[in-house]
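Chemist: Could you have a look at this structure, given as structure tokens, before my questions?
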Amino acid sequence: QSFIEWSAYFTDECRKGIGNRGAGVAVHTWSVNTATDEVEAYYAGLYGTINSANTVLAKMDNVSAVTEEEKKEKQKIYAELIAIRAIAHFDLLRFFATSYTDPNALAVPIVDKVIVFEQLPRNTVGQLMAFVKRDLETAYNTLNEVSDNSDVTRITPLAVQAIRARVALYSKEYNDAIAFSTEVINAVPLAANATEYIDIWADASDAEVVY
């Protein structure tokens with residue numbers, strides 16, 4: 001929600017209010033400086049998510065899986081975690097990179113291990129995009145074998161394809177964006193009528209919901 005709120009204030013989706021009642025006036029007028037709390041919160045929050053995913057990934061080899069069902073569940077969790085890690089890296093790129101398409105532009109550090117006090121250097125856009133795409137491809141291939149699209153509260157194969165479409169769109173790889181998004185659109189059609197659409201917001205329908 002906070003990312004959507006920031007984007008709405010920072011772009012032209014919202015009109016500035018008459019007075020400042022904590023309604024994002026500073027962000028709306030691009031008054032962003034070292035005292036702007038949201039910037040630090042987004043950066044720390046996303047890397048906190050990445051570190052949590054990496055912490056579990058680092059411990060997964062110590063978790064025994066004996067039955068086929070347990071092995072399948074372990075693979076599923078692994079794929080979900082690397083997908084979440086990729087999404088967090090991509091969101092960081094969207095907020096903090098100097099370009100989305102220049103492979104040599106500075107992005108943010110790639111964190112694929114547990115870190116505590118380390119201060120990693122910034123990677124380039126090309127390096128970060130390659131990392132994100134690789135994790136998403138692995139997640140999709142794995143989930144396609146061990147999961148399905150029935151539970152929209154989890155990262156599913158279709159959810160990964162939706163993110164891959166967005167990544168491709170940002171990097172102007174339009175053929176990939178069309179291919180990935182078409183797969184999602186064909187599998188998850190729009191609500192059939194107004195009633196079904198309203199039911200989405202009451203959690204009475206999963207129409208249009210990918211994840």
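If you're wondering about the labels, chains in the structure tokens are A, B, ... by order shown, residues count from 1 in each chain, ligands from 1 in order shown.
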Hey, what's within 8 Å of Ala107 in chain A if we count only C-alpha atoms and toss same-chain stuff fewer than 2 positions away? As an MDAnalysis selection string, please?
Modeler: chainID A and resid 93 96:99 105 109 122:125 128
Chemist: Any idea what's packed within 12 Å of Arg15 in chain A, counting only C-alpha atoms, ignoring anything in its chain fewer than 2 positions away? Could you give it as number ranges by chain?
Modeler: A: 8-13, 17-19, 23-25, 27-29
Chemist: Which residues of range 13-119 of chain A come within 12 Å of range 133-154 of chain A, and what is each one's closest atom pair and distance in Å (one decimal), counting only C-alpha atoms, sorted by chain and residue number, as a tab-separated table?
Modeler:
```
residue	atom	partner	partner_atom	distance
A:Glu68	CA	A:Val146	CA	10.6
A:Glu69	CA	A:Val146	CA	9.5
A:Glu70	CA	A:Val146	CA	10.9
A:Lys71	CA	A:Val146	CA	9.4
A:Lys72	CA	A:Val146	CA	5.8
A:Glu73	CA	A:Val146	CA	7.6
A:Lys74	CA	A:Val146	CA	9.5
A:Gln75	CA	A:Thr142	CA	7.1
A:Lys76	CA	A:Leu143	CA	6.0
A:Ile77	CA	A:Leu143	CA	9.1
A:Tyr78	CA	A:Ala139	CA	8.0
A:Ala79	CA	A:Ala139	CA	4.4
A:Glu80	CA	A:Ala139	CA	6.7
A:Leu81	CA	A:Ala139	CA	8.4
A:Ile82	CA	A:Asp135	CA	5.9
A:Ala83	CA	A:Leu136	CA	5.5
A:Ile84	CA	A:Leu136	CA	9.0
A:Arg85	CA	A:Asp135	CA	8.1
A:Ala86	CA	A:Asp135	CA	6.1
A:Ile87	CA	A:Leu136	CA	8.4
A:Ala88	CA	A:Asp135	CA	11.5
A:His89	CA	A:Asp135	CA	10.5
A:Phe90	CA	A:Lys133	CA	9.5
A:Ile110	CA	A:Asp135	CA	11.9
A:Asp112	CA	A:Asp135	CA	10.3
```
Chemist: So how many Å separate CA of Gln161 in chain A and CA of Ala207 in chain A, to one decimal?
Modeler: 17.3 Å
Chemist: Kindly give the distance, in Å, that separates CA of Glu196 in chain A and CA of Tyr211 in chain A, rounded to a single decimal.
Modeler: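 If I compute the distance from CA of Glu196 in chain A to CA of Tyr211 in chain A, I get 17.2 Å.
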Chemist: Kindly give the distance, in Å, that separates CA of Glu38 in chain A and CA of Leu57 in chain A, rounded to a single decimal.
Modeler: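 Result for CA of Glu38 in chain A versus CA of Leu57 in chain A: 28.4 Å, one decimal.
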